[in-house]
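**Student:** File target_22.pdb below, PDB, C-alpha atoms and all ligand atoms:
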```pdb
ATOM      1  CA  MET O 260       0.000   0.000   0.000  1.00  0.00           C
ATOM      2  CA  LYS O 261       1.266   3.485  -0.870  1.00  0.00           C
ATOM      3  CA  PRO O 262       1.865   5.996   1.921  1.00  0.00           C
ATOM      4  CA  SER O 263      -1.271   8.057   2.577  1.00  0.00           C
ATOM      5  CA  ILE O 264      -1.565  11.684   1.534  1.00  0.00           C
ATOM      6  CA  LEU O 265      -3.651  14.098   3.582  1.00  0.00           C
ATOM      7  CA  SER O 266      -7.007  14.393   1.850  1.00  0.00           C
ATOM      8  CA  PRO O 267      -8.283  17.876   0.933  1.00  0.00           C
ATOM      9  CA  GLU O 268     -11.295  17.188   3.166  1.00  0.00           C
ATOM     10  CA  ASP O 269      -9.093  16.418   6.181  1.00  0.00           C
ATOM     11  CA  ALA O 270      -6.872  19.428   5.417  1.00  0.00           C
ATOM     12  CA  ARG O 271     -10.008  21.585   5.462  1.00  0.00           C
ATOM     13  CA  PHE O 272     -11.143  20.134   8.775  1.00  0.00           C
ATOM     14  CA  ILE O 273      -7.712  20.706  10.310  1.00  0.00           C
ATOM     15  CA  LEU O 274      -7.758  24.352   9.263  1.00  0.00           C
ATOM     16  CA  MET O 275     -11.309  24.751  10.567  1.00  0.00           C
ATOM     17  CA  LEU O 276     -10.340  23.159  13.885  1.00  0.00           C
ATOM     18  CA  GLU O 277      -7.291  25.412  14.189  1.00  0.00           C
ATOM     19  CA  ARG O 278      -9.484  28.463  13.647  1.00  0.00           C
ATOM     20  CA  ALA O 279     -11.924  27.165  16.245  1.00  0.00           C
ATOM     21  CA  GLY O 280      -9.112  26.812  18.790  1.00  0.00           C
ATOM     22  CA  VAL O 281      -9.464  23.028  18.972  1.00  0.00           C
ATOM     23  CA  LEU O 282      -6.005  22.516  17.489  1.00  0.00           C
ATOM     24  CA  GLN O 283      -3.408  24.867  18.926  1.00  0.00           C
ATOM     25  CA  THR O 284       0.283  25.484  18.502  1.00  0.00           C
ATOM     26  CA  HIS O 285       1.888  24.617  21.783  1.00  0.00           C
ATOM     27  CA  ASP O 286       5.113  25.832  23.316  1.00  0.00           C
ATOM     28  CA  GLY O 287       5.595  23.021  25.765  1.00  0.00           C
ATOM     29  CA  SER O 288       5.464  25.277  28.811  1.00  0.00           C
ATOM     30  CA  LYS O 289       2.236  23.673  29.978  1.00  0.00           C
ATOM     31  CA  LEU O 290       3.672  20.172  29.846  1.00  0.00           C
ATOM     32  CA  GLU O 291       4.710  18.940  33.256  1.00  0.00           C
ATOM     33  CA  THR O 292       7.288  16.333  32.362  1.00  0.00           C
ATOM     34  CA  GLY O 293       9.217  16.150  35.590  1.00  0.00           C
ATOM     35  CA  ASN O 294      10.119  12.496  35.372  1.00  0.00           C
ATOM     36  CA  GLY O 295       9.505  11.792  31.706  1.00  0.00           C
ATOM     37  CA  ILE O 296       6.479  10.934  29.613  1.00  0.00           C
ATOM     38  CA  ILE O 297       4.430   7.918  28.708  1.00  0.00           C
ATOM     39  CA  LEU O 298       3.878   8.327  24.973  1.00  0.00           C
ATOM     40  CA  VAL O 299       1.143   6.466  23.095  1.00  0.00           C
ATOM     41  CA  THR O 300       1.679   6.841  19.376  1.00  0.00           C
ATOM     42  CA  CYS O 301       1.128   5.240  15.985  1.00  0.00           C
ATOM     43  CA  SER O 302       3.831   2.783  14.932  1.00  0.00           C
ATOM     44  CA  ASP O 303       4.250   4.345  11.470  1.00  0.00           C
ATOM     45  CA  GLY O 304       7.892   3.690  10.637  1.00  0.00           C
ATOM     46  CA  ASP O 305       8.056   6.593   8.181  1.00  0.00           C
ATOM     47  CA  LYS O 306       6.911   9.079  10.814  1.00  0.00           C
ATOM     48  CA  ILE O 307       7.734   7.829  14.301  1.00  0.00           C
ATOM     49  CA  LEU O 308      11.170   9.465  14.463  1.00  0.00           C
ATOM     50  CA  GLU O 309       9.583  12.766  13.533  1.00  0.00           C
ATOM     51  CA  PHE O 310       6.919  12.314  16.198  1.00  0.00           C
ATOM     52  CA  LEU O 311       9.683  11.860  18.732  1.00  0.00           C
ATOM     53  CA  GLU O 312      11.580  14.888  17.460  1.00  0.00           C
ATOM     54  CA  HIS O 313       8.439  17.021  17.682  1.00  0.00           C
ATOM     55  CA  ILE O 314       7.667  15.818  21.189  1.00  0.00           C
ATOM     56  CA  GLU O 315      11.281  16.317  22.232  1.00  0.00           C
ATOM     57  CA  GLU O 316      11.200  19.907  20.957  1.00  0.00           C
ATOM     58  CA  LEU O 317       8.050  20.605  22.932  1.00  0.00           C
ATOM     59  CA  ILE O 318       9.460  19.141  26.108  1.00  0.00           C
ATOM     60  CA  ARG O 319      12.796  20.921  25.826  1.00  0.00           C
ATOM     61  CA  GLU O 320      11.013  24.232  25.151  1.00  0.00           C
ATOM     62  CA  GLY O 321       9.119  23.704  28.376  1.00  0.00           C
ATOM     63  CA  GLY O 322      12.333  22.912  30.219  1.00  0.00           C
ATOM     64  CA  GLY O 323      11.308  19.313  30.889  1.00  0.00           C
ATOM     65  CA  LYS O 324      13.178  16.056  30.683  1.00  0.00           C
ATOM     66  CA  PHE O 325      12.869  14.017  27.468  1.00  0.00           C
ATOM     67  CA  ARG O 326      12.457  10.509  28.795  1.00  0.00           C
ATOM     68  CA  PRO O 327       9.912   8.848  26.502  1.00  0.00           C
ATOM     69  CA  HIS O 328       8.388   5.572  27.576  1.00  0.00           C
ATOM     70  CA  ILE O 329       6.695   4.498  24.355  1.00  0.00           C
ATOM     71  CA  PHE O 330       3.711   2.362  23.426  1.00  0.00           C
ATOM     72  CA  ALA O 331       3.090   2.177  19.708  1.00  0.00           C
ATOM     73  CA  GLY O 332       0.334   0.518  17.712  1.00  0.00           C
ATOM     74  CA  HIS O 333      -1.269   1.250  14.367  1.00  0.00           C
ATOM     75  CA  GLY O 334      -3.578   4.204  14.959  1.00  0.00           C
ATOM     76  CA  GLY O 335      -1.853   5.401  18.125  1.00  0.00           C
ATOM     77  CA  ALA O 336      -3.769   6.711  21.119  1.00  0.00           C
ATOM     78  CA  MET O 337      -7.188   6.497  19.480  1.00  0.00           C
ATOM     79  CA  LEU O 338      -7.034   2.731  20.100  1.00  0.00           C
ATOM     80  CA  ILE O 339      -7.763   3.444  23.776  1.00  0.00           C
ATOM     81  CA  ALA O 340     -11.255   4.767  23.010  1.00  0.00           C
ATOM     82  CA  GLU O 341     -13.858   2.169  23.822  1.00  0.00           C
ATOM     83  CA  ASP O 342     -15.556   2.488  20.446  1.00  0.00           C
ATOM     84  CA  CYS O 343     -12.528   2.804  18.194  1.00  0.00           C
ATOM     85  CA  PRO O 344     -13.098   0.213  15.459  1.00  0.00           C
ATOM     86  CA  LEU O 345      -9.413  -0.712  15.182  1.00  0.00           C
ATOM     87  CA  TYR O 346      -8.121  -3.872  16.886  1.00  0.00           C
ATOM     88  CA  ARG O 347     -11.257  -4.492  18.936  1.00  0.00           C
ATOM     89  CA  LYS O 348     -10.860  -8.260  18.833  1.00  0.00           C
ATOM     90  CA  GLU O 349      -7.324  -7.897  20.136  1.00  0.00           C
ATOM     91  CA  CYS O 350      -8.494  -5.701  23.033  1.00  0.00           C
ATOM     92  CA  ALA O 351      -5.931  -3.023  22.137  1.00  0.00           C
ATOM     93  CA  ASP O 352      -7.678  -0.595  24.508  1.00  0.00           C
ATOM     94  CA  GLN O 353      -7.282  -2.840  27.559  1.00  0.00           C
ATOM     95  CA  PHE O 354      -3.729  -3.664  26.613  1.00  0.00           C
ATOM     96  CA  LEU O 355      -2.713  -0.010  26.337  1.00  0.00           C
ATOM     97  CA  LEU O 356      -4.493   0.948  29.557  1.00  0.00           C
ATOM     98  CA  SER O 357      -2.652  -1.773  31.458  1.00  0.00           C
ATOM     99  CA  GLN O 358       0.663  -0.753  29.871  1.00  0.00           C
ATOM    100  CA  ILE O 359       0.124   2.865  30.937  1.00  0.00           C
ATOM    101  CA  ALA O 360      -0.744   1.770  34.479  1.00  0.00           C
ATOM    102  CA  ASP O 361       2.389  -0.363  34.710  1.00  0.00           C
ATOM    103  CA  ALA O 362       4.604   2.339  33.215  1.00  0.00           C
ATOM    104  CA  HIS O 363       3.298   4.782  35.817  1.00  0.00           C
ATOM    105  CA  GLU O 364       4.028   2.295  38.581  1.00  0.00           C
ATOM    106  CA  MET O 365       7.348   0.892  37.354  1.00  0.00           C
ATOM    107  CA  LYS O 366       8.933   4.053  35.994  1.00  0.00           C
ATOM    108  CA  ASP O 367       7.257   6.627  38.245  1.00  0.00           C
ATOM    109  CA  ILE O 368       6.069   8.709  35.277  1.00  0.00           C
ATOM    110  CA  SER O 369       2.843  10.659  35.717  1.00  0.00           C
ATOM    111  CA  THR O 370       2.553  12.503  32.409  1.00  0.00           C
ATOM    112  CA  VAL O 371       0.876  10.809  29.467  1.00  0.00           C
ATOM    113  CA  ILE O 372       0.979  12.114  25.906  1.00  0.00           C
ATOM    114  CA  LEU O 373      -1.718  10.670  23.694  1.00  0.00           C
ATOM    115  CA  MET O 374      -1.002  11.119  20.048  1.00  0.00           C
ATOM    116  CA  VAL O 375      -2.602  10.476  16.675  1.00  0.00           C
ATOM    117  CA  HIS O 376      -1.472  11.646  13.273  1.00  0.00           C
ATOM    118  CA  ALA O 377      -2.870  12.521   9.876  1.00  0.00           C
ATOM    119  CA  PRO O 378      -2.790  11.064   7.372  1.00  0.00           C
ATOM    120  CA  CYS O 379      -2.672   7.704   9.180  1.00  0.00           C
ATOM    121  CA  GLY O 380      -2.779   4.377   7.344  1.00  0.00           C
ATOM    122  CA  ALA O 381      -4.709   2.739  10.177  1.00  0.00           C
ATOM    123  CA  ALA O 382      -7.327   5.508  10.133  1.00  0.00           C
ATOM    124  CA  LYS O 383      -7.618   5.051   6.394  1.00  0.00           C
ATOM    125  CA  LYS O 384      -8.057   1.311   6.800  1.00  0.00           C
ATOM    126  CA  ALA O 385     -10.948   1.945   9.192  1.00  0.00           C
ATOM    127  CA  HIS O 386     -12.365   4.740   6.947  1.00  0.00           C
ATOM    128  CA  LEU O 387     -11.980   7.349   9.669  1.00  0.00           C
ATOM    129  CA  THR O 388     -11.798  11.048   8.893  1.00  0.00           C
ATOM    130  CA  VAL O 389      -9.475  13.248  10.920  1.00  0.00           C
ATOM    131  CA  VAL O 390     -12.495  14.469  12.910  1.00  0.00           C
ATOM    132  CA  GLN O 391     -13.320  10.896  13.864  1.00  0.00           C
ATOM    133  CA  GLU O 392      -9.687  10.312  14.820  1.00  0.00           C
ATOM    134  CA  LEU O 393      -9.856  13.342  17.095  1.00  0.00           C
ATOM    135  CA  ALA O 394     -13.167  12.206  18.582  1.00  0.00           C
ATOM    136  CA  HIS O 395     -11.552   8.901  19.521  1.00  0.00           C
ATOM    137  CA  LEU O 396      -8.510  10.724  20.869  1.00  0.00           C
ATOM    138  CA  VAL O 397     -10.696  12.883  23.114  1.00  0.00           C
ATOM    139  CA  ARG O 398     -12.551   9.801  24.327  1.00  0.00           C
ATOM    140  CA  ALA O 399      -9.223   8.071  24.928  1.00  0.00           C
ATOM    141  CA  LYS O 400      -8.164  10.911  27.206  1.00  0.00           C
ATOM    142  CA  HIS O 401     -11.409  10.716  29.182  1.00  0.00           C
ATOM    143  CA  ARG O 402     -10.936   6.984  29.527  1.00  0.00           C
ATOM    144  CA  VAL O 403      -7.365   7.219  30.802  1.00  0.00           C
ATOM    145  CA  LYS O 404      -8.387   9.942  33.281  1.00  0.00           C
ATOM    146  CA  SER O 405     -11.372   7.940  34.497  1.00  0.00           C
ATOM    147  CA  VAL O 406      -9.208   4.883  35.217  1.00  0.00           C
ATOM    148  CA  MET O 407      -6.119   6.767  36.427  1.00  0.00           C
ATOM    149  CA  PRO O 408      -7.174  10.252  37.582  1.00  0.00           C
ATOM    150  CA  GLN O 409      -3.754  10.859  39.127  1.00  0.00           C
ATOM    151  CA  LEU O 410      -2.125  11.081  35.681  1.00  0.00           C
ATOM    152  CA  LYS O 411      -1.718  14.268  33.648  1.00  0.00           C
ATOM    153  CA  VAL O 412      -2.854  13.569  30.104  1.00  0.00           C
ATOM    154  CA  SER O 413      -2.285  15.750  27.030  1.00  0.00           C
ATOM    155  CA  CYS O 414      -3.416  15.117  23.468  1.00  0.00           C
ATOM    156  CA  PHE O 415      -1.571  15.933  20.262  1.00  0.00           C
ATOM    157  CA  ILE O 416      -1.939  15.399  16.554  1.00  0.00           C
ATOM    158  CA  ASP O 417       0.986  15.341  14.159  1.00  0.00           C
ATOM    159  CA  VAL O 418      -0.011  16.573  10.713  1.00  0.00           C
ATOM    160  CA  HIS O 419       1.787  15.969   7.420  1.00  0.00           C
ATOM    161  CA  TYR O 420       0.461  18.155   4.636  1.00  0.00           C
ATOM    162  CA  ALA O 421       0.324  17.114   1.006  1.00  0.00           C
ATOM    163  CA  ASP O 422       2.930  19.791   0.155  1.00  0.00           C
ATOM    164  CA  GLY O 423       5.465  18.283   2.576  1.00  0.00           C
ATOM    165  CA  GLY O 424       4.830  20.685   5.476  1.00  0.00           C
ATOM    166  CA  LYS O 425       4.410  19.190   8.914  1.00  0.00           C
ATOM    167  CA  LYS O 426       3.579  20.278  12.427  1.00  0.00           C
ATOM    168  CA  ILE O 427       2.466  19.063  15.792  1.00  0.00           C
ATOM    169  CA  LEU O 428      -0.677  20.558  17.308  1.00  0.00           C
ATOM    170  CA  PHE O 429      -2.104  20.418  20.814  1.00  0.00           C
ATOM    171  CA  VAL O 430      -5.688  19.121  20.900  1.00  0.00           C
ATOM    172  CA  SER O 431      -8.058  20.731  23.395  1.00  0.00           C
ATOM    173  CA  PRO O 432     -10.700  18.137  24.321  1.00  0.00           C
ATOM    174  CA  GLU O 433     -12.973  20.825  25.793  1.00  0.00           C
ATOM    175  CA  ALA O 434     -12.744  22.952  22.653  1.00  0.00           C
ATOM    176  CA  PHE O 435     -13.368  19.896  20.482  1.00  0.00           C
ATOM    177  CA  GLU O 436     -16.537  19.042  22.366  1.00  0.00           C
ATOM    178  CA  THR O 437     -17.755  22.640  22.235  1.00  0.00           C
ATOM    179  CA  TRP O 438     -16.975  22.818  18.522  1.00  0.00           C
ATOM    180  CA  TYR O 439     -18.724  19.559  17.824  1.00  0.00           C
ATOM    181  CA  ALA O 440     -21.828  20.552  19.792  1.00  0.00           C
ATOM    182  CA  ALA O 441     -21.994  23.830  17.845  1.00  0.00           C
ATOM    183  CA  GLN O 442     -21.612  22.008  14.542  1.00  0.00           C
ATOM    184  CA  SER O 443     -24.346  19.572  15.462  1.00  0.00           C
ATOM    185  CA  LYS O 444     -26.671  22.376  16.487  1.00  0.00           C
ATOM    186  CA  ALA O 445     -25.983  24.293  13.295  1.00  0.00           C
ATOM    187  CA  GLN O 446     -26.800  21.211  11.285  1.00  0.00           C
ATOM    188  CA  HIS O 447     -30.003  20.593  13.308  1.00  0.00           C
ATOM    189  CA  ILE O 448     -28.790  17.201  14.299  1.00  0.00           C
ATOM    190  CA  VAL O 449     -30.784  15.748  17.128  1.00  0.00           C
ATOM    191  CA  GLN O 450     -28.803  15.886  20.328  1.00  0.00           C
ATOM    192  CA  GLY O 451     -28.946  13.018  22.731  1.00  0.00           C
ATOM    193  CA  SER O 452     -28.304  10.246  20.277  1.00  0.00           C
ATOM    194  CA  GLY O 453     -24.674  10.813  21.196  1.00  0.00           C
ATOM    195  CA  PHE O 454     -22.194  12.347  18.841  1.00  0.00           C
ATOM    196  CA  GLU O 455     -20.272   9.081  18.870  1.00  0.00           C
ATOM    197  CA  ASP O 456     -22.883   7.460  16.659  1.00  0.00           C
ATOM    198  CA  LEU O 457     -22.675  10.203  14.110  1.00  0.00           C
ATOM    199  CA  LEU O 458     -18.919  10.233  14.151  1.00  0.00           C
ATOM    200  CA  LEU O 459     -18.364   6.539  14.192  1.00  0.00           C
ATOM    201  CA  HIS O 460     -20.774   5.470  11.528  1.00  0.00           C
ATOM    202  CA  PRO O 461     -19.980   7.538   8.474  1.00  0.00           C
ATOM    203  CA  ASP O 462     -22.710   5.966   6.400  1.00  0.00           C
ATOM    204  CA  GLN O 463     -25.447   6.827   8.885  1.00  0.00           C
ATOM    205  CA  SER O 464     -27.838   9.385   7.491  1.00  0.00           C
ATOM    206  CA  GLY O 465     -27.349  12.818   8.972  1.00  0.00           C
ATOM    207  CA  ASN O 466     -23.664  12.310   9.536  1.00  0.00           C
ATOM    208  CA  LEU O 467     -21.770  15.546   9.318  1.00  0.00           C
ATOM    209  CA  PHE O 468     -18.637  13.945   8.059  1.00  0.00           C
ATOM    210  CA  PRO O 469     -19.370  11.532   5.262  1.00  0.00           C
TER     211      PRO O 469
HETATM  212 ZN    ZN W   1      -0.611   5.884  11.606  1.00  0.00          ZN
END
```
What does this structure look like when you write it as structure tokens?

**Tutor:**
Amino acid sequence: MKPSILSPEDARFILMLERAGVLQTHDGSKLETGNGIILVTCSDGDKILEFLEHIEELIREGGGKFRPHIFAGHGGAMLIAEDCPLYRKECADQFLLSQIADAHEMKDISTVILMVHAPCGAAKKAHLTVVQELAHLVRAKHRVKSVMPQLKVSCFIDVHYADGGKKILFVSPEAFETWYAAQSKAQHIVQGSGFEDLLLHPDQSGNLFP
């Protein structure tokens, strides 16, 4: 399979989400990385070194210690979301949650960085748009915090543009949820059915993101 190229639709969503404050440039000063980080990322062998470089830059800018304790799987941190369609049979979510818990205990690291990227081959395989990736990422954060509230959890997306440009962006879960609610309202989508359904089933009628 050829390497994926960011689709114009996803590029548009990324720009829209930047303008809405969901995706933000980040200087690393808010990252508390006293004793290192637990990093959950996609395995992508063409990109993983860049992910690490980007994360290292952020941490150094914030004056923290770059001590990455890494868990990688195709799709990255979105696998932790309960409804992520990737690797359900293999219980990737439970596996990653237990790895994070053990890393926290064994290595005394309390900062978790949850990361996805776009374009991602695993997302493509599961027919997920970048908005769906981010929805899973946000849910992954909530899940980690609900199981291990003592951990500090930050979310990032690494973007590779079709023209070769690339950057890492901080994802604000609160801003994502606000943005999504506003989008749903604007589209007169019935609230209460849960945005997960709309996001996770692209062929469902009324979906914002076909
Ligand atoms: Zn990937």

**Student:** Just the residues within 9 Å of segment 327-332 of chain O, please, counting only C-alpha atoms, with nothing from its chain fewer than 2 positions along; format it as a ChimeraX atom specification.

**Tutor:** /O:295-303,311,315,324-325,334-336,338,351,355,358-359,362,366,368

**Student:** Those same residues, written as a short mmCIF file (atom, residue, chain, number, x, y, z; two decimals), in the frame of the given file with C-alpha atoms?

**Tutor:**
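result-v1.cif was written with the following content:
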```
data_model
loop_
_atom_site.label_atom_id
_atom_site.label_comp_id
_atom_site.auth_asym_id
_atom_site.auth_seq_id
_atom_site.Cartn_x
_atom_site.Cartn_y
_atom_site.Cartn_z
CA GLY O 295 9.51 11.79 31.71
CA ILE O 296 6.48 10.93 29.61
CA ILE O 297 4.43 7.92 28.71
CA LEU O 298 3.88 8.33 24.97
CA VAL O 299 1.14 6.47 23.10
CA THR O 300 1.68 6.84 19.38
CA CYS O 301 1.13 5.24 15.98
CA SER O 302 3.83 2.78 14.93
CA ASP O 303 4.25 4.34 11.47
CA LEU O 311 9.68 11.86 18.73
CA GLU O 315 11.28 16.32 22.23
CA LYS O 324 13.18 16.06 30.68
CA PHE O 325 12.87 14.02 27.47
CA GLY O 334 -3.58 4.20 14.96
CA GLY O 335 -1.85 5.40 18.12
CA ALA O 336 -3.77 6.71 21.12
CA LEU O 338 -7.03 2.73 20.10
CA ALA O 351 -5.93 -3.02 22.14
CA LEU O 355 -2.71 -0.01 26.34
CA GLN O 358 0.66 -0.75 29.87
CA ILE O 359 0.12 2.86 30.94
CA ALA O 362 4.60 2.34 33.22
CA LYS O 366 8.93 4.05 35.99
CA ILE O 368 6.07 8.71 35.28
#
```

**Student:** Report, in Å with one decimal, the straight-line distance from atom CA of His313 of chain O to atom CA of Leu265 of chain O.

**Tutor:**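 Separation between atom CA of His313 of chain O and atom CA of Leu265 of chain O: 18.8 Å.
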
**Student:** Please measure the separation of atom CA of Leu387 of chain O and atom CA of Val406 of chain O, giving the value in Å to one decimal.

**Tutor:**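 Atom CA of Val406 of chain O lies 25.8 Å from atom CA of Leu387 of chain O.
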
**Student:** Could you check which of O:Gly287, O:Pro267, O:Gly280, O:Pro378 is closest to ligand ZN 1 (chain W), using only C-alpha atoms and all ligand atoms?

**Tutor:**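 Going through O:Gly287, O:Pro267, O:Gly280, O:Pro378 one by one, the smallest distance to ligand ZN 1 (chain W) is for O:Pro378.
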
**Student:** Could you give me the centre and size, in Å to one decimal, of an axis-aligned box around all listed atoms of segment 408-419 of chain O with 4 Å added on every side, as JSON?

**Tutor:**
```
{"center_x": -2.7, "center_y": 13.4, "center_z": 23.3, "size_x": 17.0, "size_y": 14.3, "size_z": 39.7}
```

**Student:** Which one of O:Glu341, O:Glu433, O:Leu410, O:Lys289 sits closest to Glu364 of chain O if you count all atoms listed in the file?

**Tutor:**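 When distances to Glu364 of chain O are compared using all atoms listed in the file, the smallest one comes from O:Leu410.
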
**Student:** Nearest residue to Glu392 of chain O out of O:Trp438, O:Ile273, O:Glu316, O:Asn294, using only C-alpha atoms?

**Tutor:**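 Nearest candidate to Glu392 of chain O out of O:Trp438, O:Ile273, O:Glu316, O:Asn294: O:Ile273.
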
**Student:** Please, what distance in Å, to one decimal, runs between atom CA of Leu373 of chain O and atom CA of His285 of chain O?

**Tutor:** 14.5 Å

**Student:** Restricting the calculation to all atoms listed in the file, which member of O:Asp422, O:Asp361, O:Glu312, O:Asp417 is positioned closest to Thr284 of chain O?

**Tutor:**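 Checking each of O:Asp422, O:Asp361, O:Glu312, O:Asp417 against Thr284 of chain O, counting all atoms listed in the file, the winner is O:Asp417.
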
**Student:** With the PyMOL selection byres (((chain O and resi 432) around 12) and not hetatm) as the selection, what would be picked from this file? Answer as a PDB file with C-alpha atoms, keeping the file's coordinate frame, please.

**Tutor:**
```
ATOM      1  CA  LEU O 276     -10.340  23.159  13.885  1.00  0.00           C
ATOM      2  CA  GLY O 280      -9.112  26.812  18.790  1.00  0.00           C
ATOM      3  CA  VAL O 281      -9.464  23.028  18.972  1.00  0.00           C
ATOM      4  CA  LEU O 282      -6.005  22.516  17.489  1.00  0.00           C
ATOM      5  CA  GLN O 283      -3.408  24.867  18.926  1.00  0.00           C
ATOM      6  CA  LEU O 373      -1.718  10.670  23.694  1.00  0.00           C
ATOM      7  CA  LEU O 393      -9.856  13.342  17.095  1.00  0.00           C
ATOM      8  CA  ALA O 394     -13.167  12.206  18.582  1.00  0.00           C
ATOM      9  CA  HIS O 395     -11.552   8.901  19.521  1.00  0.00           C
ATOM     10  CA  LEU O 396      -8.510  10.724  20.869  1.00  0.00           C
ATOM     11  CA  VAL O 397     -10.696  12.883  23.114  1.00  0.00           C
ATOM     12  CA  ARG O 398     -12.551   9.801  24.327  1.00  0.00           C
ATOM     13  CA  ALA O 399      -9.223   8.071  24.928  1.00  0.00           C
ATOM     14  CA  LYS O 400      -8.164  10.911  27.206  1.00  0.00           C
ATOM     15  CA  HIS O 401     -11.409  10.716  29.182  1.00  0.00           C
ATOM     16  CA  VAL O 412      -2.854  13.569  30.104  1.00  0.00           C
ATOM     17  CA  SER O 413      -2.285  15.750  27.030  1.00  0.00           C
ATOM     18  CA  CYS O 414      -3.416  15.117  23.468  1.00  0.00           C
ATOM     19  CA  PHE O 415      -1.571  15.933  20.262  1.00  0.00           C
ATOM     20  CA  PHE O 429      -2.104  20.418  20.814  1.00  0.00           C
ATOM     21  CA  VAL O 430      -5.688  19.121  20.900  1.00  0.00           C
ATOM     22  CA  SER O 431      -8.058  20.731  23.395  1.00  0.00           C
ATOM     23  CA  GLU O 433     -12.973  20.825  25.793  1.00  0.00           C
ATOM     24  CA  ALA O 434     -12.744  22.952  22.653  1.00  0.00           C
ATOM     25  CA  PHE O 435     -13.368  19.896  20.482  1.00  0.00           C
ATOM     26  CA  GLU O 436     -16.537  19.042  22.366  1.00  0.00           C
ATOM     27  CA  THR O 437     -17.755  22.640  22.235  1.00  0.00           C
ATOM     28  CA  TRP O 438     -16.975  22.818  18.522  1.00  0.00           C
ATOM     29  CA  TYR O 439     -18.724  19.559  17.824  1.00  0.00           C
TER      30      TYR O 439
END
```

**Student:** Here is a test: counting all atoms listed in the file, which residue of O:Lys306, O:Lys348, O:Lys444, O:Arg326 is nearest to ligand ZN 1 (chain W)?

**Tutor:**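 Answer, going by the shortest atom-to-atom distance: O:Lys306.
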
**Student:** What would the selection look like, as a VMD selection string, if the PyMOL selection byres (((chain O and resi 379) around 9) and not hetatm) were run on the coordinates I just shared?

**Tutor:** chain O and resid 262 to 265 301 303 333 to 334 375 to 378 380 to 384 389

**Student:** Store the residues picked out above in a file with C-alpha atoms, as a PDB file, in the frame of the given file.

**Tutor:**
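Produced file selection14.pdb, reproduced below:
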```pdb
ATOM      1  CA  PRO O 262       1.865   5.996   1.921  1.00  0.00           C
ATOM      2  CA  SER O 263      -1.271   8.057   2.577  1.00  0.00           C
ATOM      3  CA  ILE O 264      -1.565  11.684   1.534  1.00  0.00           C
ATOM      4  CA  LEU O 265      -3.651  14.098   3.582  1.00  0.00           C
ATOM      5  CA  CYS O 301       1.128   5.240  15.985  1.00  0.00           C
ATOM      6  CA  ASP O 303       4.250   4.345  11.470  1.00  0.00           C
ATOM      7  CA  HIS O 333      -1.269   1.250  14.367  1.00  0.00           C
ATOM      8  CA  GLY O 334      -3.578   4.204  14.959  1.00  0.00           C
ATOM      9  CA  VAL O 375      -2.602  10.476  16.675  1.00  0.00           C
ATOM     10  CA  HIS O 376      -1.472  11.646  13.273  1.00  0.00           C
ATOM     11  CA  ALA O 377      -2.870  12.521   9.876  1.00  0.00           C
ATOM     12  CA  PRO O 378      -2.790  11.064   7.372  1.00  0.00           C
ATOM     13  CA  GLY O 380      -2.779   4.377   7.344  1.00  0.00           C
ATOM     14  CA  ALA O 381      -4.709   2.739  10.177  1.00  0.00           C
ATOM     15  CA  ALA O 382      -7.327   5.508  10.133  1.00  0.00           C
ATOM     16  CA  LYS O 383      -7.618   5.051   6.394  1.00  0.00           C
ATOM     17  CA  LYS O 384      -8.057   1.311   6.800  1.00  0.00           C
ATOM     18  CA  VAL O 389      -9.475  13.248  10.920  1.00  0.00           C
TER      19      VAL O 389
END
```

**Student:** List every protein, DNA or RNA residue that has at least one atom no more than 8 Å from (2.2, 11.4, 39.1) in the file's coordinates, counting only C-alpha atoms, and write the result as a ChimeraX atom specification.

**Tutor:** /O:363,367-370,409-411

**Student:** Which residue out of O:Val403, O:Ala421, O:Ala440, O:Met374 has the minimum interatomic distance to Ile307 of chain O when all atoms listed in the file are used?

**Tutor:**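 Using all atoms listed in the file, the shortest distance to Ile307 of chain O belongs to O:Met374.
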
**Student:** For this structure, which residues satisfy the selection - the PyMOL selection byres (((chain O and resi 426) around 9) and not hetatm) - when it is evaluated on the file as given? I want them as a list in words.

**Tutor:**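 Here the PyMOL selection byres (((chain O and resi 426) around 9) and not hetatm) matches Thr284, His313, Ile416, Asp417, Val418, His419, Tyr420, Gly424, Lys425, Ile427 and Leu428 of chain O.
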